[in-house]
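Structure first, then comments.
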Amino acid sequence: MSTLNDDVAMLRKVPLFESVDPSKLKLIAYTSTQLVFDDGEEVFSQGSNGTSAYLIANGEADILSDSGEKQVVVATLGTNALFGEISAFCDVPRTASVRAHGQLTLLELKRENLMELIGEFPDVAVEVIRELARRLAHTTSDLAHVLEKQNSG
Amino acid sequence: MQRNLLRYIWTHSRKQQIWIFMVVLVSMPVYFQMLQLPKLIVNGPIQGDGFDSPAATQSFLSINLPFSETLFGQTINVFGGLQFDRQQMLIALCLSFLVAVALNGWFKLYINTYKGKLGEKLLRRLRYELFDRVLRYPVAKARRVKPSEITSVIKDEIEPLGLFFGDAFSSPVFLGAQAITGLTFLFLQNTMFGLITLAIVLFQAWIIPLLRRRLLELGRQRQQTARKLSGRIGEYVQGMDDVHLHAMSNRARENIWQMLRRIVVIRFELYQRKFQVKFLNNFLIQVLAFIFYLLGGYLVITGRMDLGALVASIAAYKDLPAPIKGIIDWDQQRLLNQIRYEQAVEDFANTRVMSAARQEPSDKPADPIKDGFSFDHVTVLDAAEQPVIQDISGSISRREAVAIVGSADSGAEHVAELLARLLVVGSGRITLDGQDLEHVPERLSGQRVGYADSNIFFAGGSIRTTLAETLPYTEGAPPIIDESSSTSNFRVYENEPIPAKAGPVEDESFGREVGADWPHGETSERLLSIMHRVDLYDDVLEYGLLRRLGDDADDDIKNGIMEARRSFAANQSGAEMKGAVEFFDPAKYSQELTIGENLIFGTPVDNAFSPENLPSNNSVRALLDEAGLLSALFDTGVEIARNNIELFGDLAEDSTLLQRSGGPSPERLQEMRLALEKLDGKTSKSADEADRETMLRLAFEYCEAQTRFGLVDDTMQTKLLAARDSLRAMLEKEHSGAVAFLDPDSFNPALSVLDNILFGRIDARRIGARERVLKSIKSLLETSGVSDTVFHIGLSYDVGNGGRNLSTNQAQKLKLVRALLKKPDIVILNRALSALESGERMKIIHEIVQMGVDQGTRQMGVICVPLDNGGWKDFDRILFMEHGRIVSEGAPEKVSERLEAMAK
């Protein structure tokens, strides 16, 4: 059984929380819930509404995308990976399904707790904004790259 | 119902009233002696009248034959009496006085007790009669009245009458006799004074009723307002949801305040009037004394009257005011009570109730229905006189399944209510087996017709009593309440036995207090089959799982549960359940339990071992100290407090995060902070007792799986396990049953059935684990054959006030079970199970319709007003209704076009 300190250590490895103060991370860890899934159990399905982000504490999870009738594994995430954070910050349906690959232990971070934390400690918000902006910049440059390729191709 | 109070009292307690009068009469000579003897004692032995010489004696208890002088011309002495000297006489007379006092006291005791009992008996009768009428109210009326107003009338309003019942006749007769005697004496002494007194009394008799008119009106108003008040309070309590939803609380306050104010205004005026009347009475009667002294004195002074006559008149007058005042008071009581009574019974008496014959009890079960219902030009009007059913004719047999189909305003539901007798026919006739439904005893329809609609009200009690109370009782129930078994001193006062509408509860299948072993035999099997059909079995089974087994549970059940425990544990290795449950193991520290629970490792039976009392439990503390754990646990407590402060210290007190995270409350946090500041590095030894307990409490309540501070290391676990063993050894040596220990091989009566089987904790981290575990346990119970027993335990589940502990689904299903359990000849389903999802509802209705068929013939008729479109082929006949009329009917295959059209 992992302790809060283990969870904090794990959270620190996530880029989104990397620069958040450790004591706040402990609070995040405390308010999160541990969930255990057996091999093949579904965490959530594509298109469903969800408000939680998940952090893999132990094990692996398959990310599946619906393509027609079939589900295709698009990626497999390992320990310390964060997923579902988009739905946790804004109201969009899940963009993919997630299923346990082998036994999987997750840390569930609920939206209301994250939001509350951000409200309570603005410096957490700054860190999160910084990380999200970095990602946006990343995506934008990726997009530019693709468009460039398209135009030239 | 009798509207005159005195007549009502006379009718129902004639003999008792006469008896009480006789007793009062007999007690009078004793009373007289009690007043007379002191005078004799003073005059005779003390002052020495008749004891002129020391040797003089007087006769004591000499008896002369009454009226002998007039009859025989001479005094005939029957008993010469005993000759006593002065001292002996003093003793004899004083002893007689003592006897008279005791006797008089006894009479008073007897009379008052008798009056009290008489009052209570009459009150009981009156209340019973009123309630009897409520039971016979037409359903429409009963739905209209406010329950709290009826309660107020039956319980409170007539209560004061009880005090009046005993005095209703004896006291006016008695006081009247006294007053007339006094007046006669006065007349004999002096005619003029007699006339003056008579004039004043007559004046009183004229003026007082005039003054009282307003008084009576006020009494009436007071009662009405008080009743409205209780009605309104009842409404607010029932509609508390709305009060909060619409922020109506201040309107409610205002409303009730106005009523209370009105009551005070009425009461104040009432007091004013009452005491004004009293004042006038007293004044008038005292004015007599004034006249006597003034006029009499004047006459004596002027020599027109001798002093002796005046003194005698005044002496005669002295006895007059008390009885007259008494009569006036009594009359006031009578009038107020008459009004109280009138007001109370008015609504009851004005309502046309069903005939008593309709609810006549019987000691035999009702005969089965042979044919069924038939209608003859039936029309029903609603409260606004609009027809909801218009001129329908036809018949429904008990050998068929009929669906009455129609939209909400079609009248289909009203037909069902009509057949269930919840509605009354406006014109036309409905018959059941040829007998007018109006005259069919409720016994027959109640036992032979089952009815379920979407109503979810249950009076309360367990599922078991809820089921048992509606079953017809079968035998051994005499129709009259027999008092022979009740306390015998009430029996003497019984006038006529009250006809009871239900016999005493001798049959085990009837009544509120059914034993925990109910039902058994055939009823039990029937119940199980119905519960399975309406899909309520699993719910009750789950309630059973959460309950503890009764103390008297036999070993078969315990063995069955133990078997289930073993198979469950064995199954855990299967892929299905893997890791969902952490088992209790006496040799292992469980992260899922708190430190306190790990130490005790059992269920506290003695409160001293309950979690909140552990820190102050001395024997536990001594044991921990010995193991060197006490200071370690103290330090753990400090560490927990420190962690909590570190985590939550920066959060604002009203932070939702703090509330939602399941962390400590702000008060608790503050308490920890203060304790930490105070301790400031102190050890367990040097700390205050209070702080020590606070820290120990924190430690005992700490659960690693929940809080995850990582404070229970391996050494601590080992030590705690050792302490667990020594605690158990200690308690077992003392043979104290303070803790029911968790033992893998024995049944633990302090645990619920579920915990006994699980013998562990379900891992909260697994979504759906609980459901899976429950499912697996249910099937295990099935295999070990104790499933029905656990179901049976589940029947003790409390349905709650109004049935609030049940979900709407469960309540509607339970209503249905009740309708079916009594083995009805016809069951009426009136938009039943409305809370269920359509598919499930259709499945259950299908089951019920099929249930009525036994070996190819229909045994139970079904009349169904369905909510769903479908399942038609179950029915023999479909009736279509529109706007209160039957527009079409036929077998489902014949009306298939219409059914299809409707489905669209």
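Just so we're on the same page: first chain in the structure tokens is A, next is B, and so on; residues restart at 1 for each chain, and ligands are numbered from 1 in the order they show up.
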
Counting only C-alpha atoms, which residues of chain A sit at most 8 Å from some atom of chain B, and what is each one's closest atom pair with its distance in Å to one decimal, listed by chain and rising residue number, as JSON lines?
{"residue": "A:Met1", "atom": "CA", "partner": "B:Ala705", "partner_atom": "CA", "distance": 7.4}
{"residue": "A:Ser2", "atom": "CA", "partner": "B:Arg708", "partner_atom": "CA", "distance": 7.2}
{"residue": "A:Thr3", "atom": "CA", "partner": "B:Arg708", "partner_atom": "CA", "distance": 4.6}
{"residue": "A:Leu4", "atom": "CA", "partner": "B:Arg708", "partner_atom": "CA", "distance": 5.3}
{"residue": "A:Asn5", "atom": "CA", "partner": "B:Phe709", "partner_atom": "CA", "distance": 7.4}
{"residue": "A:Ser23", "atom": "CA", "partner": "B:Leu647", "partner_atom": "CA", "distance": 6.8}
{"residue": "A:Lys24", "atom": "CA", "partner": "B:Leu647", "partner_atom": "CA", "distance": 7.8}
{"residue": "A:Lys26", "atom": "CA", "partner": "B:Leu647", "partner_atom": "CA", "distance": 7.0}
{"residue": "A:Leu27", "atom": "CA", "partner": "B:Leu647", "partner_atom": "CA", "distance": 6.0}
{"residue": "A:Tyr30", "atom": "CA", "partner": "B:Ser661", "partner_atom": "CA", "distance": 7.3}
{"residue": "A:Thr31", "atom": "CA", "partner": "B:Ser661", "partner_atom": "CA", "distance": 5.0}
{"residue": "A:Thr33", "atom": "CA", "partner": "B:Arg765", "partner_atom": "CA", "distance": 7.5}
{"residue": "A:Gln34", "atom": "CA", "partner": "B:Arg765", "partner_atom": "CA", "distance": 5.5}
{"residue": "A:Leu35", "atom": "CA", "partner": "B:Arg765", "partner_atom": "CA", "distance": 4.2}
{"residue": "A:Val36", "atom": "CA", "partner": "B:Arg766", "partner_atom": "CA", "distance": 5.0}
{"residue": "A:Phe37", "atom": "CA", "partner": "B:Arg766", "partner_atom": "CA", "distance": 6.5}
{"residue": "A:Asn113", "atom": "CA", "partner": "B:Leu657", "partner_atom": "CA", "distance": 6.3}
{"residue": "A:Glu116", "atom": "CA", "partner": "B:Leu657", "partner_atom": "CA", "distance": 6.1}
{"residue": "A:Leu117", "atom": "CA", "partner": "B:Leu657", "partner_atom": "CA", "distance": 7.2}
{"residue": "A:Glu120", "atom": "CA", "partner": "B:Leu651", "partner_atom": "CA", "distance": 7.4}

Identify all residues of segment 27-138 of chain A in strand (DSSP E) (DSSP on the backbone) and supply them as a PyMOL selection string. chain A and resi 33-37+42-44+52-67+70-77+82-83+97-110

Selection export as a short mmCIF file (atom, residue, chain, number, x, y, z; two decimals), in the first residue's frame, atoms kept: N, CA and C atoms:
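Written file, part_8.cif:
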data_model
loop_
_atom_site.label_atom_id
_atom_site.label_comp_id
_atom_site.auth_asym_id
_atom_site.auth_seq_id
_atom_site.Cartn_x
_atom_site.Cartn_y
_atom_site.Cartn_z
N THR A 33 -8.42 9.53 -4.90
CA THR A 33 -8.89 8.21 -4.47
C THR A 33 -8.10 7.15 -5.22
N GLN A 34 -7.72 6.11 -4.50
CA GLN A 34 -7.04 5.01 -5.19
C GLN A 34 -8.09 4.08 -5.78
N LEU A 35 -7.86 3.66 -7.00
CA LEU A 35 -8.76 2.70 -7.63
C LEU A 35 -7.94 1.55 -8.18
N VAL A 36 -8.50 0.35 -8.10
CA VAL A 36 -7.78 -0.81 -8.62
C VAL A 36 -8.62 -1.46 -9.72
N PHE A 37 -8.00 -1.75 -10.83
CA PHE A 37 -8.71 -2.40 -11.92
C PHE A 37 -7.99 -3.70 -12.28
N GLU A 42 -12.66 -1.72 -17.82
CA GLU A 42 -12.66 -0.42 -18.45
C GLU A 42 -12.64 0.69 -17.41
N VAL A 43 -11.79 1.68 -17.60
CA VAL A 43 -11.75 2.82 -16.68
C VAL A 43 -12.82 3.83 -17.09
N PHE A 44 -12.83 4.17 -18.38
CA PHE A 44 -13.94 4.94 -18.94
C PHE A 44 -14.00 4.67 -20.43
N SER A 52 -12.92 13.41 -14.05
CA SER A 52 -11.72 13.09 -13.28
C SER A 52 -10.52 12.90 -14.20
N ALA A 53 -9.36 13.24 -13.64
CA ALA A 53 -8.11 12.88 -14.30
C ALA A 53 -7.54 11.70 -13.54
N TYR A 54 -6.74 10.87 -14.21
CA TYR A 54 -6.19 9.69 -13.55
C TYR A 54 -4.69 9.66 -13.69
N LEU A 55 -4.06 9.17 -12.65
CA LEU A 55 -2.61 9.02 -12.68
C LEU A 55 -2.32 7.54 -12.43
N ILE A 56 -1.48 6.96 -13.28
CA ILE A 56 -1.19 5.54 -13.12
C ILE A 56 -0.16 5.37 -12.00
N ALA A 57 -0.60 4.71 -10.95
CA ALA A 57 0.31 4.50 -9.82
C ALA A 57 1.11 3.22 -10.04
N ASN A 58 0.47 2.28 -10.71
CA ASN A 58 1.09 0.99 -10.88
C ASN A 58 0.40 0.26 -12.02
N GLY A 59 1.12 -0.32 -12.92
CA GLY A 59 0.53 -1.09 -14.01
C GLY A 59 0.48 -0.31 -15.30
N GLU A 60 -0.25 -0.87 -16.26
CA GLU A 60 -0.33 -0.25 -17.57
C GLU A 60 -1.77 -0.11 -18.01
N ALA A 61 -2.03 0.91 -18.83
CA ALA A 61 -3.38 1.11 -19.34
C ALA A 61 -3.34 1.27 -20.85
N ASP A 62 -4.30 0.64 -21.51
CA ASP A 62 -4.41 0.77 -22.96
C ASP A 62 -5.35 1.92 -23.29
N ILE A 63 -4.94 2.76 -24.23
CA ILE A 63 -5.82 3.82 -24.74
C ILE A 63 -6.41 3.30 -26.03
N LEU A 64 -7.73 3.28 -26.08
CA LEU A 64 -8.37 2.70 -27.26
C LEU A 64 -9.18 3.76 -27.98
N SER A 65 -9.20 3.65 -29.29
CA SER A 65 -10.02 4.57 -30.06
C SER A 65 -11.04 3.76 -30.85
N ASP A 66 -12.29 4.24 -30.85
CA ASP A 66 -13.32 3.56 -31.63
C ASP A 66 -13.08 3.87 -33.10
N SER A 67 -12.90 2.82 -33.89
CA SER A 67 -12.88 3.07 -35.32
C SER A 67 -13.89 2.12 -35.94
N LYS A 70 -14.86 -1.58 -34.45
CA LYS A 70 -13.77 -2.12 -33.65
C LYS A 70 -13.09 -1.05 -32.80
N GLN A 71 -12.45 -1.51 -31.72
CA GLN A 71 -11.64 -0.60 -30.92
C GLN A 71 -10.17 -0.90 -31.21
N VAL A 72 -9.44 0.14 -31.43
CA VAL A 72 -8.03 -0.04 -31.76
C VAL A 72 -7.18 0.56 -30.65
N VAL A 73 -6.18 -0.20 -30.20
CA VAL A 73 -5.28 0.32 -29.18
C VAL A 73 -4.37 1.34 -29.84
N VAL A 74 -4.47 2.60 -29.40
CA VAL A 74 -3.63 3.62 -30.01
C VAL A 74 -2.37 3.88 -29.20
N ALA A 75 -2.43 3.57 -27.91
CA ALA A 75 -1.23 3.78 -27.08
C ALA A 75 -1.36 2.96 -25.82
N THR A 76 -0.26 2.69 -25.18
CA THR A 76 -0.27 2.05 -23.87
C THR A 76 0.54 2.93 -22.92
N LEU A 77 -0.11 3.31 -21.81
CA LEU A 77 0.56 4.20 -20.86
C LEU A 77 1.10 3.40 -19.69
N LEU A 82 -0.27 10.49 -16.78
CA LEU A 82 -1.54 11.14 -16.44
C LEU A 82 -2.45 11.06 -17.65
N PHE A 83 -3.72 10.75 -17.45
CA PHE A 83 -4.66 10.80 -18.58
C PHE A 83 -6.03 11.30 -18.10
N SER A 97 -11.23 5.56 -25.14
CA SER A 97 -11.53 4.65 -24.03
C SER A 97 -10.22 4.24 -23.37
N VAL A 98 -10.31 3.89 -22.08
CA VAL A 98 -9.11 3.41 -21.39
C VAL A 98 -9.44 2.10 -20.70
N ARG A 99 -8.53 1.14 -20.86
CA ARG A 99 -8.75 -0.17 -20.28
C ARG A 99 -7.48 -0.63 -19.58
N ALA A 100 -7.68 -1.37 -18.50
CA ALA A 100 -6.51 -1.86 -17.75
C ALA A 100 -5.79 -2.93 -18.56
N HIS A 101 -4.47 -2.83 -18.55
CA HIS A 101 -3.65 -3.84 -19.21
C HIS A 101 -2.87 -4.52 -18.09
N GLY A 102 -3.38 -5.66 -17.67
CA GLY A 102 -2.84 -6.25 -16.45
C GLY A 102 -3.44 -5.51 -15.27
N GLN A 103 -3.02 -5.87 -14.04
CA GLN A 103 -3.61 -5.16 -12.91
C GLN A 103 -3.12 -3.72 -12.87
N LEU A 104 -4.08 -2.83 -12.62
CA LEU A 104 -3.80 -1.41 -12.75
C LEU A 104 -4.26 -0.68 -11.49
N THR A 105 -3.36 0.11 -10.92
CA THR A 105 -3.75 0.94 -9.78
C THR A 105 -3.68 2.40 -10.21
N LEU A 106 -4.78 3.10 -9.98
CA LEU A 106 -4.86 4.49 -10.42
C LEU A 106 -5.07 5.42 -9.24
N LEU A 107 -4.70 6.65 -9.44
CA LEU A 107 -5.03 7.70 -8.49
C LEU A 107 -6.04 8.59 -9.19
N GLU A 108 -7.23 8.68 -8.65
CA GLU A 108 -8.26 9.47 -9.31
C GLU A 108 -8.23 10.89 -8.76
N LEU A 109 -8.04 11.87 -9.64
CA LEU A 109 -8.04 13.27 -9.22
C LEU A 109 -9.34 13.89 -9.70
N LYS A 110 -10.18 14.24 -8.75
CA LYS A 110 -11.51 14.74 -9.14
C LYS A 110 -11.43 16.21 -9.51
#

Could you state the separation of atom CA of Ile91 of chain B and atom CA of Pro29 of chain B in Å, given to one decimal place?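 We find that atom CA of Ile91 of chain B and atom CA of Pro29 of chain B lie 21.2 Å from each other.
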
8 Å contact set for segment 426-433 of chain B, only C-alpha atoms, chain neighbours under 2 positions out, as a VMD selection string: chain B and resid 369 to 381 391 424 435 to 438 440

Show which residues sit within 7 Å of segment 852-859 of chain B, as an mmCIF file with N, CA and C atoms, in the first residue's frame. Count only C-alpha atoms, and ignore same-chain residues fewer than 3 positions away.
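After the write, result-v7.cif holds the following:
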data_model
loop_
_atom_site.group_PDB
_atom_site.id
_atom_site.type_symbol
_atom_site.label_atom_id
_atom_site.label_comp_id
_atom_site.auth_asym_id
_atom_site.auth_seq_id
_atom_site.Cartn_x
_atom_site.Cartn_y
_atom_site.Cartn_z
ATOM 1 N N ARG B 399 -62.554 -15.451 -13.778
ATOM 2 C CA ARG B 399 -61.823 -16.452 -14.553
ATOM 3 C C ARG B 399 -61.141 -15.837 -15.765
ATOM 4 N N GLU B 400 -60.975 -14.532 -15.786
ATOM 5 C CA GLU B 400 -60.320 -13.936 -16.952
ATOM 6 C C GLU B 400 -59.316 -12.862 -16.532
ATOM 7 N N ASP B 825 -59.024 -13.738 -5.176
ATOM 8 C CA ASP B 825 -59.672 -14.349 -6.335
ATOM 9 C C ASP B 825 -59.510 -13.441 -7.541
ATOM 10 N N ILE B 848 -47.366 -11.900 -13.024
ATOM 11 C CA ILE B 848 -48.560 -11.945 -12.178
ATOM 12 C C ILE B 848 -49.738 -12.529 -12.945
ATOM 13 N N VAL B 849 -49.872 -12.101 -14.205
ATOM 14 C CA VAL B 849 -50.985 -12.629 -14.991
ATOM 15 C C VAL B 849 -50.822 -14.140 -15.140
#

Non-local contacts of segment 293-305 of chain B (12 Å; only C-alpha atoms; under 3 positions in same chain excluded) as a list of chain:residue names: B:Gln189, B:Asn190, B:Met192, B:Phe193, B:Ile196, B:Gln286, B:Val287, B:Leu288, B:Ala289, B:Phe290, B:Gly308, B:Ala309, B:Leu310, B:Val311, B:Ala312, B:Ser313, B:Ile314, B:Ala315, B:Tyr317

Please produce a file of the residues just selected, as an mmCIF file, in the first residue's frame, where the atoms kept are C-alpha atoms.
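Here's the written file part-v3.cif:
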data_model
loop_
_atom_site.group_PDB
_atom_site.id
_atom_site.type_symbol
_atom_site.label_atom_id
_atom_site.label_comp_id
_atom_site.auth_asym_id
_atom_site.auth_seq_id
_atom_site.Cartn_x
_atom_site.Cartn_y
_atom_site.Cartn_z
ATOM 1 C CA GLN B 189 -87.259 30.801 60.233
ATOM 2 C CA ASN B 190 -88.553 33.871 58.533
ATOM 3 C CA MET B 192 -89.636 37.557 54.539
ATOM 4 C CA PHE B 193 -85.983 36.577 54.479
ATOM 5 C CA ILE B 196 -85.791 38.002 49.636
ATOM 6 C CA GLN B 286 -73.059 38.196 49.690
ATOM 7 C CA VAL B 287 -75.507 41.063 49.203
ATOM 8 C CA LEU B 288 -77.976 38.802 50.980
ATOM 9 C CA ALA B 289 -75.824 38.930 54.076
ATOM 10 C CA PHE B 290 -75.770 42.696 53.788
ATOM 11 C CA GLY B 308 -83.320 34.924 68.337
ATOM 12 C CA ALA B 309 -85.182 34.852 65.035
ATOM 13 C CA LEU B 310 -82.513 36.963 63.304
ATOM 14 C CA VAL B 311 -79.666 34.808 64.591
ATOM 15 C CA ALA B 312 -81.530 31.680 63.498
ATOM 16 C CA SER B 313 -82.124 33.180 60.030
ATOM 17 C CA ILE B 314 -78.507 34.134 59.626
ATOM 18 C CA ALA B 315 -77.468 30.665 60.743
ATOM 19 C CA TYR B 317 -78.524 31.427 55.474
#

Between atom CA of Gly637 of chain B and atom CA of Met695 of chain B lies a distance of 4.4 Å

Among listed residues B:Arg398, B:His846, B:Arg877, B:Arg885, nearest Pro824 of chain B (using only C-alpha atoms):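 Nearest candidate to Pro824 of chain B out of B:Arg398, B:His846, B:Arg877, B:Arg885: B:Arg398.
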
Between atom CA of Glu840 of chain B and atom CA of Gly521 of chain B, what distance in Å does the model show, to one decimal?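 Those two atoms sit 29.4 Å apart.
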
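Neighbouring residues of Ile180 of chain B at 12 Å or closer, counting only C-alpha atoms and skipping chain neighbours under 6 positions away, are Pro172, Val173, Phe174, Leu186, Phe187, Gly194, Thr197, Leu198, Val201, Ala316, Tyr317, Asp319, Leu320, Pro321, Pro323, Ile324 and Ile327 of chain B.
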
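Near Ala553 of chain B, within 12 Å and counting only C-alpha atoms, sit Ala516, Asp517, Arg548, Lys558, Asn559, Gly560, Ile561, Phe747, Pro749, Val753, Thr789, Val790, His792 and Ile793 of chain B; same-chain residues fewer than 5 positions away were not included.
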
Calculated over only C-alpha atoms, which of the candidates B:Asn104, B:Ser249, B:Gln359, B:Thr466 has the smallest distance to Leu444 of chain B?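 Under the stated criterion, the closest residue is B:Gln359.
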
From the list A:Asn80, A:Asp21, A:Thr51, A:Ser87, which residue is nearest Asp6 of chain A when using only C-alpha atoms? A:Asn80

I need the residues in chain A that are helix (DSSP H, G or I) according to DSSP; give them as a PyMOL selection string. chain A and resi 4-12+15-17+22-31+85-89+111-120+122-152
